[in-house]
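Below is the file structure39.txt, which contains compact mmCIF, C-alpha atoms.
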# COMPACT_ATOMS: atom_id res chain seq x y z
CA MET S 1 6.44 60.30 83.77
CA PHE S 2 3.38 61.74 82.06
CA ASN S 3 1.47 59.46 79.73
CA ASN S 4 0.75 61.09 76.35
CA SER S 5 -2.14 58.75 75.56
CA ASN S 6 -4.55 60.67 77.80
CA LEU S 7 -4.95 64.34 78.47
CA TYR S 8 -5.19 63.84 82.21
CA GLU S 9 -5.20 60.81 84.43
CA LYS S 10 -8.47 59.75 86.03
CA ASN S 11 -8.70 60.77 89.68
CA ASP S 12 -10.56 59.34 92.68
CA ASP S 13 -13.22 62.09 92.69
CA GLY S 14 -15.04 60.43 89.80
CA LYS S 15 -14.22 63.14 87.28
CA VAL S 16 -13.98 61.97 83.70
CA TYR S 17 -11.42 63.59 81.45
CA CYS S 18 -11.51 63.41 77.69
CA GLY S 19 -8.88 61.58 75.72
CA LYS S 20 -6.46 63.00 73.23
CA ASN S 21 -8.53 62.05 70.16
CA ILE S 22 -11.46 64.12 71.38
CA MET S 23 -9.19 67.09 71.93
CA LEU S 24 -7.70 66.67 68.44
CA SER S 25 -11.20 66.65 66.96
CA ILE S 26 -12.13 69.84 68.85
CA ILE S 27 -8.99 71.55 67.55
CA ASN S 28 -9.62 70.32 64.01
CA LEU S 29 -13.21 71.57 63.95
CA SER S 30 -12.34 74.90 65.61
CA ALA S 31 -9.66 75.59 63.01
CA LYS S 32 -11.90 74.70 60.05
CA GLU S 33 -14.68 77.04 61.27
CA ILE S 34 -12.66 80.14 60.43
CA SER S 35 -13.33 81.74 57.05
CA GLY S 36 -10.15 81.91 55.04
CA VAL S 37 -8.90 78.48 56.09
CA ALA S 38 -8.74 76.34 52.96
CA SER S 39 -7.75 73.11 54.67
CA LEU S 40 -5.58 71.55 57.28
CA CYS S 41 -2.52 70.12 55.59
CA THR S 42 -2.58 66.38 55.12
CA ASN S 43 0.21 65.72 52.66
CA PHE S 44 2.40 62.63 52.47
CA ALA S 45 4.72 63.86 55.22
CA SER S 46 1.84 64.42 57.64
CA ARG S 47 0.37 60.99 56.88
CA PHE S 48 3.81 59.53 57.53
CA LYS S 49 4.00 61.39 60.87
CA ARG S 50 0.52 60.18 61.80
CA PHE S 51 1.51 56.59 61.10
CA PHE S 52 4.50 56.73 63.45
CA SER S 53 3.24 59.25 66.00
CA ASN S 54 0.04 59.00 67.99
CA ASN S 55 -0.14 62.74 68.73
CA TYR S 56 -0.60 63.94 65.13
CA PHE S 57 -3.99 64.15 63.43
CA GLU S 58 -4.86 65.85 60.11
CA GLY S 59 -2.64 68.90 60.37
CA VAL S 60 -2.76 69.11 64.15
CA LYS S 61 0.09 68.14 66.44
CA VAL S 62 -0.34 68.13 70.21
CA SER S 63 2.47 67.83 72.73
CA TYR S 64 2.54 68.22 76.48
CA THR S 65 4.87 69.95 78.90
CA GLN S 66 5.95 68.34 82.16
CA SER S 67 3.35 70.46 83.98
CA LYS S 68 0.61 68.94 81.74
CA ASN S 69 0.12 72.14 79.73
CA ILE S 70 -0.69 71.70 76.05
CA ILE S 71 1.36 72.89 73.08
CA ILE S 72 -0.66 72.86 69.85
CA ASP S 73 0.80 73.10 66.33
CA ILE S 74 -1.68 73.59 63.48
CA TYR S 75 -0.61 73.26 59.83
CA LEU S 76 -3.00 74.85 57.32
CA THR S 77 -3.45 76.47 53.94
CA VAL S 78 -5.22 79.79 53.46
CA PHE S 79 -7.48 80.96 50.63
CA PHE S 80 -6.12 83.65 48.33
CA GLY S 81 -7.32 87.15 49.27
CA TYR S 82 -7.37 86.63 53.04
CA SER S 83 -4.83 88.16 55.38
CA VAL S 84 -2.57 85.37 56.63
CA ALA S 85 -1.93 87.14 59.94
CA ASP S 86 -5.65 87.73 60.50
CA VAL S 87 -6.60 84.13 59.69
CA ALA S 88 -3.84 82.78 61.94
CA TYR S 89 -4.92 85.02 64.84
CA ARG S 90 -8.59 84.04 64.45
CA VAL S 91 -7.66 80.33 64.34
CA GLN S 92 -5.62 80.75 67.53
CA GLU S 93 -8.48 82.49 69.32
CA ASN S 94 -11.12 80.01 68.12
CA VAL S 95 -9.03 76.98 69.13
CA LYS S 96 -8.26 78.54 72.51
CA ASN S 97 -11.95 79.26 73.13
CA GLY S 98 -13.02 75.82 71.91
CA ILE S 99 -10.58 74.00 74.17
CA SER S 100 -11.32 76.14 77.23
CA ASN S 101 -15.11 75.88 76.75
CA MET S 102 -15.24 72.13 76.21
CA ILE S 103 -12.46 70.73 78.38
CA SER S 104 -10.52 72.05 81.33
CA ALA S 105 -6.98 72.09 79.98
CA LYS S 106 -4.28 74.71 80.23
CA ILE S 107 -2.80 75.74 76.90
CA ASP S 108 0.85 76.75 76.87
CA SER S 109 0.95 77.88 73.22
CA ILE S 110 -0.90 77.57 69.91
CA ASN S 111 1.43 77.73 66.92
CA ILE S 112 -0.06 78.28 63.47
CA HIS S 113 2.01 77.16 60.46
CA VAL S 114 0.67 78.44 57.14
CA LEU S 115 2.12 76.11 54.52
CA GLY S 116 0.47 77.50 51.43
CA VAL S 117 -2.15 79.61 49.69
CA GLU S 118 -4.98 78.01 47.76
CA PHE S 119 -6.40 79.76 44.72
CA SER S 120 -9.99 79.40 43.58
CA LYS S 121 -10.75 78.43 39.99
CA GLU S 122 -11.88 81.99 39.26
CA GLU S 123 -8.58 83.42 40.49
CA LEU S 124 -6.58 80.94 38.43
CA ALA S 125 -8.60 81.82 35.33
CA LYS S 126 -7.52 85.47 35.65
CA TYR S 127 -3.88 84.58 35.21

Kindly present the structure from the file in structure tokens form.
Amino acid sequence: MFNNSNLYEKNDDGKVYCGKNIMLSIINLSAKEISGVASLCTNFASRFKRFFSNNYFEGVKVSYTQSKNIIIDIYLTVFFGYSVADVAYRVQENVKNGISNMISAKIDSINIHVLGVEFSKEELAKY
């Protein structure tokens, strides 16, 4: 059975593999780099999930397949005026590039869940 606490098990060749918290940080930073992303969702439900689940971190959920491939779910809000589809695609690409450049892990899928739109104070003043 595969252990979810580490990304990969340490082998006899002396290779060091990063842990899950490092991967969650890479995903978090890669998602926040994209213009149009207001924030990763950290509401009460996500804090509750993080308390009881060790594979959930600030709007990012990571799960593993039996073949050790990664399934990433990212929950975010988007700024008003940005295309949701475009922001979601750019977040997927940036996370995929960040993971593949920094660690050697195979990604099965990256799912983007847009949970809301955030308005700036200027936009709210118009209405």

Would you mind listing what lies within 6 Å of stretch 65-77 of chain S as number ranges by chain, with only C-alpha atoms counted and same-chain residues fewer than 6 positions away left out?
-> S: 38-41, 59, 106-117

Residues within 10 Å of (-5.1, 67.7, 65.8), counting all atoms listed in the file, listed as a PyMOL selection string = chain S and resi 20-29+31+40+55-62+72-75

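Minimum distance to S:Ile103 across S:Gly81, S:Gly36, S:Ser63, S:Gly19 (counting all atoms listed in the file) occurs at S:Gly19.
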
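Across the model, the gap from atom CA of S:Phe80 to atom CA of S:Lys126 is 12.9 Å.
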
Quote the spacing between atom CA of S:Val78 and atom CA of S:Ser35 in Å to one decimal place.
-> 9.1 Å

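Between atom CA of S:Ser120 and atom CA of S:Val91 the interatomic distance comes to 20.9 Å.
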